[in-house]
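The structure file final31.csv is reproduced below (CSV, C-alpha atoms).
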```csv
chain,number,residue,atom,x,y,z
A,1,MET,CA,-22.9,-4.3,8.1
A,2,TYR,CA,-22.6,-1.3,10.4
A,3,THR,CA,-24.1,2.1,10.0
A,4,VAL,CA,-21.8,5.1,9.3
A,5,LYS,CA,-23.0,8.6,9.6
A,6,LYS,CA,-21.0,10.1,6.7
A,7,GLN,CA,-19.7,13.5,7.9
A,8,LEU,CA,-16.1,13.2,6.9
A,9,THR,CA,-14.9,13.4,3.3
A,10,LEU,CA,-12.7,10.8,1.6
A,11,SER,CA,-10.4,11.1,-1.4
A,12,ILE,CA,-8.8,7.9,-2.9
A,13,ILE,CA,-5.4,8.5,-4.5
A,14,ILE,CA,-4.1,6.1,-7.2
A,15,PRO,CA,-0.6,6.6,-8.5
A,16,ALA,CA,-0.4,5.1,-12.0
A,17,TYR,CA,2.3,4.4,-14.6
A,18,ASN,CA,1.2,2.3,-17.6
A,19,GLU,CA,-1.4,0.2,-15.8
A,20,GLU,CA,-4.0,-0.3,-18.6
A,21,HIS,CA,-4.4,-4.0,-17.7
A,22,TYR,CA,-5.4,-3.3,-14.1
A,23,ILE,CA,-7.0,0.2,-14.0
A,24,ARG,CA,-10.5,-0.9,-15.0
A,25,SER,CA,-10.9,-3.6,-12.3
A,26,CYS,CA,-9.6,-1.1,-9.7
A,27,LEU,CA,-12.1,1.7,-10.7
A,28,ASP,CA,-15.0,-0.8,-11.1
A,29,SER,CA,-14.4,-1.8,-7.5
A,30,ILE,CA,-14.6,1.8,-6.4
A,31,ALA,CA,-17.8,2.3,-8.3
A,32,GLN,CA,-19.4,-0.6,-6.4
A,33,GLN,CA,-18.6,0.7,-2.9
A,34,THR,CA,-21.4,0.7,-0.3
A,35,ILE,CA,-20.5,4.3,0.4
A,36,MET,CA,-18.8,6.2,-2.4
A,37,PRO,CA,-15.7,8.3,-1.8
A,38,ASP,CA,-16.1,12.0,-2.3
A,39,GLU,CA,-13.2,12.1,-4.8
A,40,VAL,CA,-11.0,9.7,-6.7
A,41,ILE,CA,-7.7,11.1,-8.0
A,42,LEU,CA,-5.6,9.1,-10.5
A,43,VAL,CA,-2.0,10.5,-10.7
A,44,ASP,CA,-0.7,10.1,-14.3
A,45,ASN,CA,3.0,9.4,-13.7
A,46,ASN,CA,4.0,9.7,-17.4
A,47,CYS,CA,1.7,7.0,-18.7
A,48,THR,CA,2.3,6.1,-22.4
A,49,ASP,CA,-0.5,3.4,-22.7
A,50,ASP,CA,-4.3,3.6,-22.3
A,51,THR,CA,-4.4,4.0,-18.5
A,52,VAL,CA,-5.5,7.7,-18.6
A,53,ASN,CA,-8.0,7.1,-21.5
A,54,ILE,CA,-9.6,4.3,-19.5
A,55,ALA,CA,-9.7,6.4,-16.3
A,56,ASN,CA,-11.4,9.2,-18.2
A,57,GLU,CA,-14.3,6.9,-18.9
A,58,TYR,CA,-15.3,7.0,-15.2
A,59,GLY,CA,-17.1,10.2,-14.4
A,60,PHE,CA,-16.0,10.2,-10.7
A,61,VAL,CA,-12.2,10.1,-11.5
A,62,LYS,CA,-10.1,13.2,-11.6
A,63,VAL,CA,-6.7,12.9,-13.4
A,64,VAL,CA,-3.7,14.9,-12.4
A,65,THR,CA,-0.2,14.6,-13.8
A,66,GLU,CA,3.2,14.3,-12.1
A,67,GLY,CA,6.3,14.6,-14.3
A,68,ASP,CA,8.8,13.4,-11.8
A,69,GLN,CA,8.9,9.6,-12.2
A,70,GLY,CA,8.4,7.4,-9.2
A,71,ARG,CA,5.6,6.2,-6.9
A,72,GLY,CA,6.7,8.5,-4.1
A,73,HIS,CA,6.5,11.6,-6.4
A,74,ALA,CA,3.1,10.5,-7.7
A,75,ARG,CA,1.8,9.8,-4.1
A,76,THR,CA,2.8,13.2,-2.9
A,77,LYS,CA,1.2,15.0,-5.9
A,78,GLY,CA,-2.0,13.1,-5.2
A,79,PHE,CA,-2.0,13.8,-1.5
A,80,ASN,CA,-1.4,17.5,-2.2
A,81,SER,CA,-4.2,17.7,-4.7
A,82,THR,CA,-7.0,17.0,-2.3
A,83,THR,CA,-8.8,18.9,0.4
A,84,CYS,CA,-10.8,15.9,1.8
A,85,ASP,CA,-10.6,15.0,5.5
A,86,ILE,CA,-9.3,11.5,4.8
A,87,ILE,CA,-6.8,10.5,2.1
A,88,GLY,CA,-7.0,6.9,0.9
A,89,ARG,CA,-4.0,5.5,-0.9
A,90,ILE,CA,-4.2,2.3,-3.1
A,91,ASP,CA,-2.3,0.9,-6.0
A,92,VAL,CA,-3.8,0.4,-9.5
A,93,ASP,CA,-4.0,-3.3,-9.1
A,94,SER,CA,-5.9,-3.0,-5.8
A,95,VAL,CA,-9.5,-4.3,-6.2
A,96,LEU,CA,-11.3,-3.0,-3.1
A,97,ALA,CA,-13.8,-5.0,-1.1
A,98,PRO,CA,-17.3,-3.4,-1.4
A,99,ASP,CA,-17.2,-2.0,2.1
A,100,TRP,CA,-13.7,-0.6,1.9
A,101,CYS,CA,-14.8,3.1,2.0
A,102,GLU,CA,-17.4,2.3,4.7
A,103,ARG,CA,-14.7,0.7,7.0
A,104,VAL,CA,-12.4,3.7,6.4
A,105,PHE,CA,-15.2,6.1,7.4
A,106,GLN,CA,-16.0,4.0,10.4
A,107,THR,CA,-12.4,4.0,11.6
A,108,PHE,CA,-11.9,7.7,11.4
A,109,SER,CA,-15.3,8.5,12.7
A,110,SER,CA,-15.0,6.4,15.9
A,111,SER,CA,-11.3,6.8,16.8
A,112,ASP,CA,-8.5,9.3,16.9
A,113,VAL,CA,-6.0,7.3,14.8
A,114,GLY,CA,-3.8,9.1,12.3
A,115,GLY,CA,-3.7,6.3,9.8
A,116,VAL,CA,-5.2,2.9,9.0
A,117,THR,CA,-3.9,0.0,6.9
A,118,GLY,CA,-5.5,-3.3,5.8
A,119,LEU,CA,-4.7,-6.6,4.2
A,120,ALA,CA,-5.0,-8.2,0.7
A,121,MET,CA,-6.4,-11.4,-0.7
A,122,ILE,CA,-3.5,-12.7,-2.8
A,123,ALA,CA,-2.9,-16.0,-4.6
A,124,ALA,CA,-1.8,-18.7,-2.1
A,125,LEU,CA,0.7,-20.2,-4.6
A,126,PRO,CA,3.0,-18.4,-6.9
A,127,ARG,CA,1.8,-17.6,-10.4
A,128,ILE,CA,-1.6,-19.3,-9.9
A,129,GLN,CA,-4.6,-17.2,-9.0
A,130,ARG,CA,-6.6,-19.7,-7.0
A,131,PRO,CA,-6.9,-20.4,-4.1
A,132,ARG,CA,-6.5,-17.0,-2.6
A,133,THR,CA,-5.5,-16.0,1.0
A,134,ARG,CA,-4.7,-13.0,3.1
A,135,LEU,CA,-1.8,-15.0,4.7
A,136,TRP,CA,1.0,-13.3,2.7
A,137,SER,CA,-0.1,-9.7,3.4
A,138,TRP,CA,-0.8,-10.7,7.0
A,139,MET,CA,2.8,-12.1,7.3
A,140,TYR,CA,4.2,-8.9,5.8
A,141,THR,CA,2.4,-6.7,8.3
A,142,LEU,CA,3.3,-9.1,11.1
A,143,TRP,CA,7.0,-9.0,10.1
A,144,SER,CA,7.0,-5.2,10.1
A,145,ARG,CA,5.4,-5.2,13.5
A,146,ALA,CA,7.9,-7.6,14.9
A,147,GLU,CA,10.9,-5.9,13.4
A,148,ASN,CA,10.0,-2.4,14.5
A,149,GLY,CA,7.7,-3.0,17.5
A,150,PHE,CA,4.7,-1.1,16.0
A,151,ASP,CA,2.4,-1.3,13.0
A,152,LEU,CA,3.2,0.4,9.7
A,153,MET,CA,1.0,1.4,6.8
A,154,TRP,CA,1.0,-0.6,3.5
A,155,GLY,CA,0.7,1.7,0.5
A,156,ALA,CA,-1.6,-0.6,-1.5
A,157,ASN,CA,-4.2,-0.4,1.2
A,158,MET,CA,-4.1,2.6,3.6
A,159,ALA,CA,-5.6,5.9,4.6
A,160,ILE,CA,-4.5,8.8,6.7
A,161,ARG,CA,-6.1,12.0,8.0
A,162,ARG,CA,-5.3,15.0,5.8
A,163,ASP,CA,-4.3,17.1,8.8
A,164,VAL,CA,-1.7,14.4,9.6
A,165,TRP,CA,-0.4,14.5,6.1
A,166,LEU,CA,0.0,18.3,6.3
A,167,LYS,CA,1.9,17.8,9.6
A,168,VAL,CA,4.5,15.4,8.1
A,169,ARG,CA,4.7,16.1,4.4
A,170,SER,CA,7.7,18.4,4.6
A,171,GLY,CA,9.7,15.4,6.0
A,172,VAL,CA,8.7,12.8,3.4
A,173,CYS,CA,11.2,11.4,0.9
A,174,ASP,CA,9.8,10.9,-2.6
A,175,ASP,CA,12.8,9.0,-4.0
A,176,ASP,CA,11.8,5.3,-4.5
A,177,GLN,CA,15.5,4.4,-4.7
A,178,ILE,CA,16.1,5.5,-1.1
A,179,VAL,CA,12.9,4.6,0.8
A,180,HIS,CA,9.8,2.5,1.0
A,181,GLU,CA,7.5,5.4,0.5
A,182,ASP,CA,4.7,3.9,2.7
A,183,GLN,CA,7.1,3.0,5.5
A,184,ASP,CA,8.7,6.4,5.3
A,185,ILE,CA,5.4,8.2,5.8
A,186,SER,CA,4.5,5.7,8.6
A,187,PHE,CA,7.6,6.5,10.6
A,188,LEU,CA,6.9,10.2,10.2
A,189,VAL,CA,3.2,9.8,11.3
A,190,LEU,CA,4.2,7.7,14.4
A,191,ALA,CA,7.1,10.1,15.3
A,192,ALA,CA,4.6,12.9,15.2
A,193,GLY,CA,2.6,11.2,18.0
A,194,GLU,CA,-0.2,9.8,15.8
A,195,ARG,CA,-1.4,6.2,16.0
A,196,ILE,CA,-1.6,3.7,13.1
A,197,ARG,CA,-4.3,1.0,13.3
A,198,ARG,CA,-4.2,-2.3,11.4
A,199,ASP,CA,-7.7,-3.4,10.4
A,200,SER,CA,-7.6,-7.1,9.2
A,201,ARG,CA,-11.1,-6.6,7.6
A,202,LEU,CA,-10.1,-3.6,5.5
A,203,LEU,CA,-9.5,-5.8,2.5
A,204,MET,CA,-8.6,-5.6,-1.2
A,205,ASN,CA,-7.8,-8.2,-3.8
A,206,THR,CA,-4.9,-8.1,-6.2
A,207,ASP,CA,-3.8,-10.3,-9.2
A,208,GLY,CA,-0.4,-8.6,-9.2
A,209,GLN,CA,2.2,-11.0,-7.7
A,210,THR,CA,5.3,-8.9,-8.0
A,211,PHE,CA,6.1,-9.2,-4.3
A,212,HIS,CA,7.8,-12.5,-5.0
A,213,TYR,CA,9.6,-11.4,-8.1
A,214,PHE,CA,13.2,-11.8,-6.9
A,215,PRO,CA,14.8,-8.5,-8.1
A,216,LYS,CA,11.9,-6.6,-6.6
A,217,LEU,CA,12.0,-8.7,-3.4
A,218,ALA,CA,15.7,-7.9,-3.0
A,219,HIS,CA,15.2,-4.2,-3.8
A,220,TYR,CA,12.4,-3.8,-1.3
A,221,THR,CA,14.4,-5.7,1.3
A,222,ARG,CA,17.2,-3.2,0.9
A,223,LEU,CA,14.7,-0.3,1.1
A,224,ARG,CA,13.4,-1.6,4.3
A,225,TYR,CA,16.8,-1.0,5.9
A,226,THR,CA,17.6,2.2,4.2
A,227,THR,CA,14.2,3.7,5.2
A,228,ARG,CA,14.7,2.8,8.8
A,229,ALA,CA,18.3,4.1,8.7
A,230,ARG,CA,17.1,7.4,7.4
A,231,HIS,CA,14.7,7.9,10.3
A,232,THR,CA,17.3,6.6,12.8
A,233,ARG,CA,19.7,9.3,11.7
A,234,SER,CA,17.1,12.0,11.9
A,235,GLY,CA,16.3,10.9,15.5
A,236,GLY,CA,12.6,10.3,14.8
A,237,TYR,CA,12.7,6.5,15.0
A,238,LYS,CA,13.8,6.3,18.6
A,239,ASN,CA,10.9,8.5,19.6
A,240,ILE,CA,8.3,6.1,18.3
A,241,PRO,CA,6.8,4.2,21.2
A,242,LYS,CA,6.8,0.4,21.0
A,243,THR,CA,3.4,-1.2,21.1
A,244,VAL,CA,4.5,-4.8,21.0
A,245,SER,CA,5.9,-6.7,24.0
A,246,PRO,CA,9.6,-7.5,23.8
A,247,LEU,CA,8.9,-11.2,24.4
A,248,TRP,CA,6.5,-11.4,21.5
A,249,ARG,CA,9.0,-9.6,19.2
A,250,PHE,CA,11.7,-12.0,20.2
A,251,PHE,CA,9.6,-15.0,19.4
A,252,ALA,CA,8.4,-13.6,16.1
A,253,LEU,CA,11.9,-12.6,15.0
A,254,ALA,CA,13.2,-16.0,16.0
A,255,VAL,CA,10.6,-17.9,14.0
A,256,SER,CA,10.5,-15.6,10.9
A,257,PRO,CA,13.7,-17.1,9.3
A,258,LEU,CA,11.9,-20.4,9.0
A,259,VAL,CA,9.5,-18.7,6.6
A,260,PHE,CA,11.4,-16.0,4.9
A,261,ILE,CA,14.6,-17.9,4.0
A,262,PRO,CA,12.6,-20.5,2.1
A,263,PHE,CA,10.6,-17.7,0.5
A,264,PHE,CA,13.7,-16.0,-0.8
A,265,VAL,CA,15.2,-19.3,-2.0
A,266,VAL,CA,12.0,-20.2,-3.9
A,267,SER,CA,11.8,-16.6,-5.3
A,268,LEU,CA,15.4,-16.9,-6.6
A,269,LEU,CA,14.8,-20.4,-8.1
A,270,LEU,CA,11.6,-19.2,-9.9
A,271,TRP,CA,13.2,-16.0,-11.2
A,272,PRO,CA,13.9,-17.6,-14.7
A,273,LEU,CA,10.3,-18.7,-14.9
A,274,ASP,CA,9.1,-15.2,-14.1
A,275,ILE,CA,11.2,-13.8,-17.0
A,276,ILE,CA,9.7,-16.3,-19.4
A,277,ILE,CA,6.1,-15.7,-18.2
A,278,HIS,CA,6.7,-11.9,-18.5
A,279,ARG,CA,8.0,-12.2,-22.0
A,280,ILE,CA,5.3,-14.4,-23.4
A,281,GLY,CA,2.7,-12.3,-21.6
A,282,ARG,CA,0.3,-15.0,-20.5
A,283,THR,CA,-2.6,-13.3,-18.7
A,284,ILE,CA,-3.3,-16.4,-16.6
A,285,PHE,CA,0.0,-15.7,-14.8
A,286,ARG,CA,0.0,-12.0,-14.3
A,287,THR,CA,3.5,-11.2,-13.2
A,288,THR,CA,5.2,-7.9,-13.9
A,289,SER,CA,8.6,-6.5,-13.0
```

Structure rendered as structure tokens:
Amino acid sequence: MYTVKKQLTLSIIIPAYNEEHYIRSCLDSIAQQTIMPDEVILVDNNCTDDTVNIANEYGFVKVVTEGDQGRGHARTKGFNSTTCDIIGRIDVDSVLAPDWCERVFQTFSSSDVGGVTGLAMIAALPRIQRPRTRLWSWMYTLWSRAENGFDLMWGANMAIRRDVWLKVRSGVCDDDQIVHEDQDISFLVLAAGERIRRDSRLLMNTDGQTFHYFPKLAHYTRLRYTTRARHTRSGGYKNIPKTVSPLWRFFALAVSPLVFIPFFVVSLLLWPLDIIIHRIGRTIFRTTS
């Protein structure tokens, strides 16, 4: 464990819509941090279950509301609601490693990066929670790096400087039907001349396995292209410097179909099972659409 001289301030933003099954584990993990954040903001995005009631049990949580539905709208409301130096951004099913805040403070205290992103410990096999691995989140970040030529932030595990947010917020798109909100903000941050760092030891755990639910997988694949197209049209994308060698990108893109095509096929084949599991509500297989 390293020593951090805590001079910066940190706010963790958590967009939430009907997440009563996950919120307690998420907030418990924040309460157990080696260095506590200065602020935790849960954005109530029209919750109709006990999410907000549970959040109010935690004295360090501030609840704000956002009436426009969608993760992008909720993210923006949370980011605009803080004055802390660093804005952390996680999902409700993110269970942070105990040193998560400490690593975020360390990153922004010792470097001039605009944003940082980490990895997740996720079930190695679909619908079964053990064993767990960081492989799938690592592959997601690796694919984004190969496809674009630079690192992007992942919304379930990221943080940016507030001054960087203020610089780019007028350009963000809050519509989740048009963009990946985390990739959208990443392109803006990089086009503004800021750096994004990927920290493989900035970890969280999640029981949510929606990344291989076929309709969501197909939707997010479409958003990956529409997000990049948006920034290509604006001219910002071409101004982002590539940080990956062309040879490495060529190799990674050539090999990736060997992994992603079977992944899509398995996801499609297991789609009926996902529907059954979701309807019977077995907690051992936490899968939501």

Which residues of range 152-259 of chain A sit at most 12 Å from range 29-38 of chain A, using all atoms listed in the file? Give each one's shortest atom pair and distance in Å (one decimal place), in chain and ascending residue order, as JSON lines.
```
{"residue": "A:Leu203", "atom": "CA", "partner": "A:Ser29", "partner_atom": "CA", "distance": 11.8}
{"residue": "A:Met204", "atom": "CA", "partner": "A:Ser29", "partner_atom": "CA", "distance": 9.4}
{"residue": "A:Asn205", "atom": "CA", "partner": "A:Ser29", "partner_atom": "CA", "distance": 9.9}
{"residue": "A:Thr206", "atom": "CA", "partner": "A:Ser29", "partner_atom": "CA", "distance": 11.5}
```

>> Report, in Å to a single decimal, how far apart CA of Leu202 in chain A and CA of Gly78 in chain A are.
In response: 21.4 Å

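Ranking A:Leu258, A:Arg89, A:Phe214, A:Val244 by their shortest atom-to-atom distance to Leu273 in chain A, with only C-alpha atoms included, puts A:Phe214 first.
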
> If you measure from CA of Phe251 in chain A to CA of Trp136 in chain A, what distance in Å do you get, rounded to one decimal?
Replying inline: 18.9 Å

> Do you know which residues are at most 6 Å from range 45-56 of chain A counting all atoms listed in the file, after dropping those on the same chain fewer than 5 positions away, and could you put them as a count of residues only?
Replying inline: 6

List every protein, DNA or RNA residue that has at least one atom no more than 7 Å from (-13.0, 9.9, -10.2) in the file's coordinates, counting all atoms listed in the file, and write the result as a short mmCIF file (atom, residue, chain, number, x, y, z; two decimals) with C-alpha atoms, in the coordinates of the input.
```
data_model
loop_
_atom_site.label_atom_id
_atom_site.label_comp_id
_atom_site.auth_asym_id
_atom_site.auth_seq_id
_atom_site.Cartn_x
_atom_site.Cartn_y
_atom_site.Cartn_z
CA GLU A 39 -13.20 12.10 -4.80
CA VAL A 40 -11.00 9.70 -6.70
CA ILE A 41 -7.70 11.10 -8.00
CA TYR A 58 -15.30 7.00 -15.20
CA GLY A 59 -17.10 10.20 -14.40
CA PHE A 60 -16.00 10.20 -10.70
CA VAL A 61 -12.20 10.10 -11.50
CA LYS A 62 -10.10 13.20 -11.60
#
```

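Between CA of Leu96 in chain A and CA of Trp154 in chain A the interatomic distance comes to 14.2 Å.
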
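Of the residues listed (A:Arg161, A:Arg71, A:Arg132, A:Lys242), A:Arg161 shows the shortest atom-to-atom separation from Thr83 in chain A; distances use all atoms listed in the file.
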
> What residues have an atom no more than 8 Å from (-10.5, 5.2, 5.2) in the file's own frame, counting only C-alpha atoms, and can you write them as a PyMOL selection string?
Replying inline: chain A and resi 10+86-88+100-108+116+158-160

Those same residues - C-alpha atoms - I'd like them written as an mmCIF file, in the frame of the given file.
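Dumped to selection38.cif:
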```cif
data_model
loop_
_atom_site.group_PDB
_atom_site.id
_atom_site.type_symbol
_atom_site.label_atom_id
_atom_site.label_comp_id
_atom_site.auth_asym_id
_atom_site.auth_seq_id
_atom_site.Cartn_x
_atom_site.Cartn_y
_atom_site.Cartn_z
ATOM 1 C CA LEU A 10 -12.700 10.800 1.600
ATOM 2 C CA ILE A 86 -9.300 11.500 4.800
ATOM 3 C CA ILE A 87 -6.800 10.500 2.100
ATOM 4 C CA GLY A 88 -7.000 6.900 0.900
ATOM 5 C CA TRP A 100 -13.700 -0.600 1.900
ATOM 6 C CA CYS A 101 -14.800 3.100 2.000
ATOM 7 C CA GLU A 102 -17.400 2.300 4.700
ATOM 8 C CA ARG A 103 -14.700 0.700 7.000
ATOM 9 C CA VAL A 104 -12.400 3.700 6.400
ATOM 10 C CA PHE A 105 -15.200 6.100 7.400
ATOM 11 C CA GLN A 106 -16.000 4.000 10.400
ATOM 12 C CA THR A 107 -12.400 4.000 11.600
ATOM 13 C CA PHE A 108 -11.900 7.700 11.400
ATOM 14 C CA VAL A 116 -5.200 2.900 9.000
ATOM 15 C CA MET A 158 -4.100 2.600 3.600
ATOM 16 C CA ALA A 159 -5.600 5.900 4.600
ATOM 17 C CA ILE A 160 -4.500 8.800 6.700
#
```

>> Using all atoms listed in the file for the distances, tell me which of A:Val43, A:Ser186, A:Thr76, A:Asn239 is nearest to Val64 in chain A.
In response: A:Val43

> Closest to Leu27 in chain A among A:Val95, A:Ala74, A:Ile13, A:Leu253, using only C-alpha atoms?
Replying inline: A:Val95

Take range 58-77 of chain A, bring it up to N, CA and C atoms, and give me the output as a PDB file, in the coordinates of the input.
```pdb
ATOM      1  N   TYR A  58     -14.566   7.059 -16.525  1.00  0.00           N
ATOM      2  CA  TYR A  58     -15.300   7.000 -15.200  1.00  0.00           C
ATOM      3  C   TYR A  58     -15.484   8.470 -14.784  1.00  0.00           C
ATOM      4  N   GLY A  59     -16.734   8.861 -14.700  1.00  0.00           N
ATOM      5  CA  GLY A  59     -17.100  10.200 -14.400  1.00  0.00           C
ATOM      6  C   GLY A  59     -16.595  10.720 -13.036  1.00  0.00           C
ATOM      7  N   PHE A  60     -16.364   9.789 -12.099  1.00  0.00           N
ATOM      8  CA  PHE A  60     -16.000  10.200 -10.700  1.00  0.00           C
ATOM      9  C   PHE A  60     -14.464  10.325 -10.587  1.00  0.00           C
ATOM     10  N   VAL A  61     -13.699  10.080 -11.642  1.00  0.00           N
ATOM     11  CA  VAL A  61     -12.200  10.100 -11.500  1.00  0.00           C
ATOM     12  C   VAL A  61     -11.690  11.452 -12.035  1.00  0.00           C
ATOM     13  N   LYS A  62     -10.821  12.018 -11.244  1.00  0.00           N
ATOM     14  CA  LYS A  62     -10.100  13.200 -11.600  1.00  0.00           C
ATOM     15  C   LYS A  62      -8.636  12.817 -11.907  1.00  0.00           C
ATOM     16  N   VAL A  63      -8.093  13.208 -13.049  1.00  0.00           N
ATOM     17  CA  VAL A  63      -6.700  12.900 -13.400  1.00  0.00           C
ATOM     18  C   VAL A  63      -5.825  14.082 -13.226  1.00  0.00           C
ATOM     19  N   VAL A  64      -4.746  13.894 -12.489  1.00  0.00           N
ATOM     20  CA  VAL A  64      -3.700  14.900 -12.400  1.00  0.00           C
ATOM     21  C   VAL A  64      -2.403  14.310 -12.851  1.00  0.00           C
ATOM     22  N   THR A  65      -1.455  15.135 -13.229  1.00  0.00           N
ATOM     23  CA  THR A  65      -0.200  14.600 -13.800  1.00  0.00           C
ATOM     24  C   THR A  65       0.968  14.954 -12.847  1.00  0.00           C
ATOM     25  N   GLU A  66       1.940  14.054 -12.847  1.00  0.00           N
ATOM     26  CA  GLU A  66       3.200  14.300 -12.100  1.00  0.00           C
ATOM     27  C   GLU A  66       4.343  13.857 -13.021  1.00  0.00           C
ATOM     28  N   GLY A  67       5.178  14.824 -13.379  1.00  0.00           N
ATOM     29  CA  GLY A  67       6.300  14.600 -14.300  1.00  0.00           C
ATOM     30  C   GLY A  67       7.459  13.873 -13.729  1.00  0.00           C
ATOM     31  N   ASP A  68       7.729  14.061 -12.439  1.00  0.00           N
ATOM     32  CA  ASP A  68       8.800  13.400 -11.800  1.00  0.00           C
ATOM     33  C   ASP A  68       8.480  11.891 -11.628  1.00  0.00           C
ATOM     34  N   GLN A  69       9.290  11.008 -12.205  1.00  0.00           N
ATOM     35  CA  GLN A  69       8.900   9.600 -12.200  1.00  0.00           C
ATOM     36  C   GLN A  69       9.162   8.957 -10.849  1.00  0.00           C
ATOM     37  N   GLY A  70       8.225   8.113 -10.459  1.00  0.00           N
ATOM     38  CA  GLY A  70       8.400   7.400  -9.200  1.00  0.00           C
ATOM     39  C   GLY A  70       7.086   7.424  -8.393  1.00  0.00           C
ATOM     40  N   ARG A  71       6.824   6.320  -7.704  1.00  0.00           N
ATOM     41  CA  ARG A  71       5.600   6.200  -6.900  1.00  0.00           C
ATOM     42  C   ARG A  71       5.538   7.247  -5.806  1.00  0.00           C
ATOM     43  N   GLY A  72       6.690   7.549  -5.200  1.00  0.00           N
ATOM     44  CA  GLY A  72       6.700   8.500  -4.100  1.00  0.00           C
ATOM     45  C   GLY A  72       6.299   9.916  -4.629  1.00  0.00           C
ATOM     46  N   HIS A  73       6.843  10.323  -5.785  1.00  0.00           N
ATOM     47  CA  HIS A  73       6.500  11.600  -6.400  1.00  0.00           C
ATOM     48  C   HIS A  73       4.982  11.650  -6.699  1.00  0.00           C
ATOM     49  N   ALA A  74       4.487  10.546  -7.284  1.00  0.00           N
ATOM     50  CA  ALA A  74       3.100  10.500  -7.700  1.00  0.00           C
ATOM     51  C   ALA A  74       2.178  10.513  -6.429  1.00  0.00           C
ATOM     52  N   ARG A  75       2.572   9.790  -5.384  1.00  0.00           N
ATOM     53  CA  ARG A  75       1.800   9.800  -4.100  1.00  0.00           C
ATOM     54  C   ARG A  75       1.696  11.198  -3.568  1.00  0.00           C
ATOM     55  N   THR A  76       2.820  11.900  -3.497  1.00  0.00           N
ATOM     56  CA  THR A  76       2.800  13.200  -2.900  1.00  0.00           C
ATOM     57  C   THR A  76       1.969  14.201  -3.752  1.00  0.00           C
ATOM     58  N   LYS A  77       2.046  14.094  -5.083  1.00  0.00           N
ATOM     59  CA  LYS A  77       1.200  15.000  -5.900  1.00  0.00           C
ATOM     60  C   LYS A  77      -0.257  14.712  -5.649  1.00  0.00           C
TER      61      LYS A  77
END
```
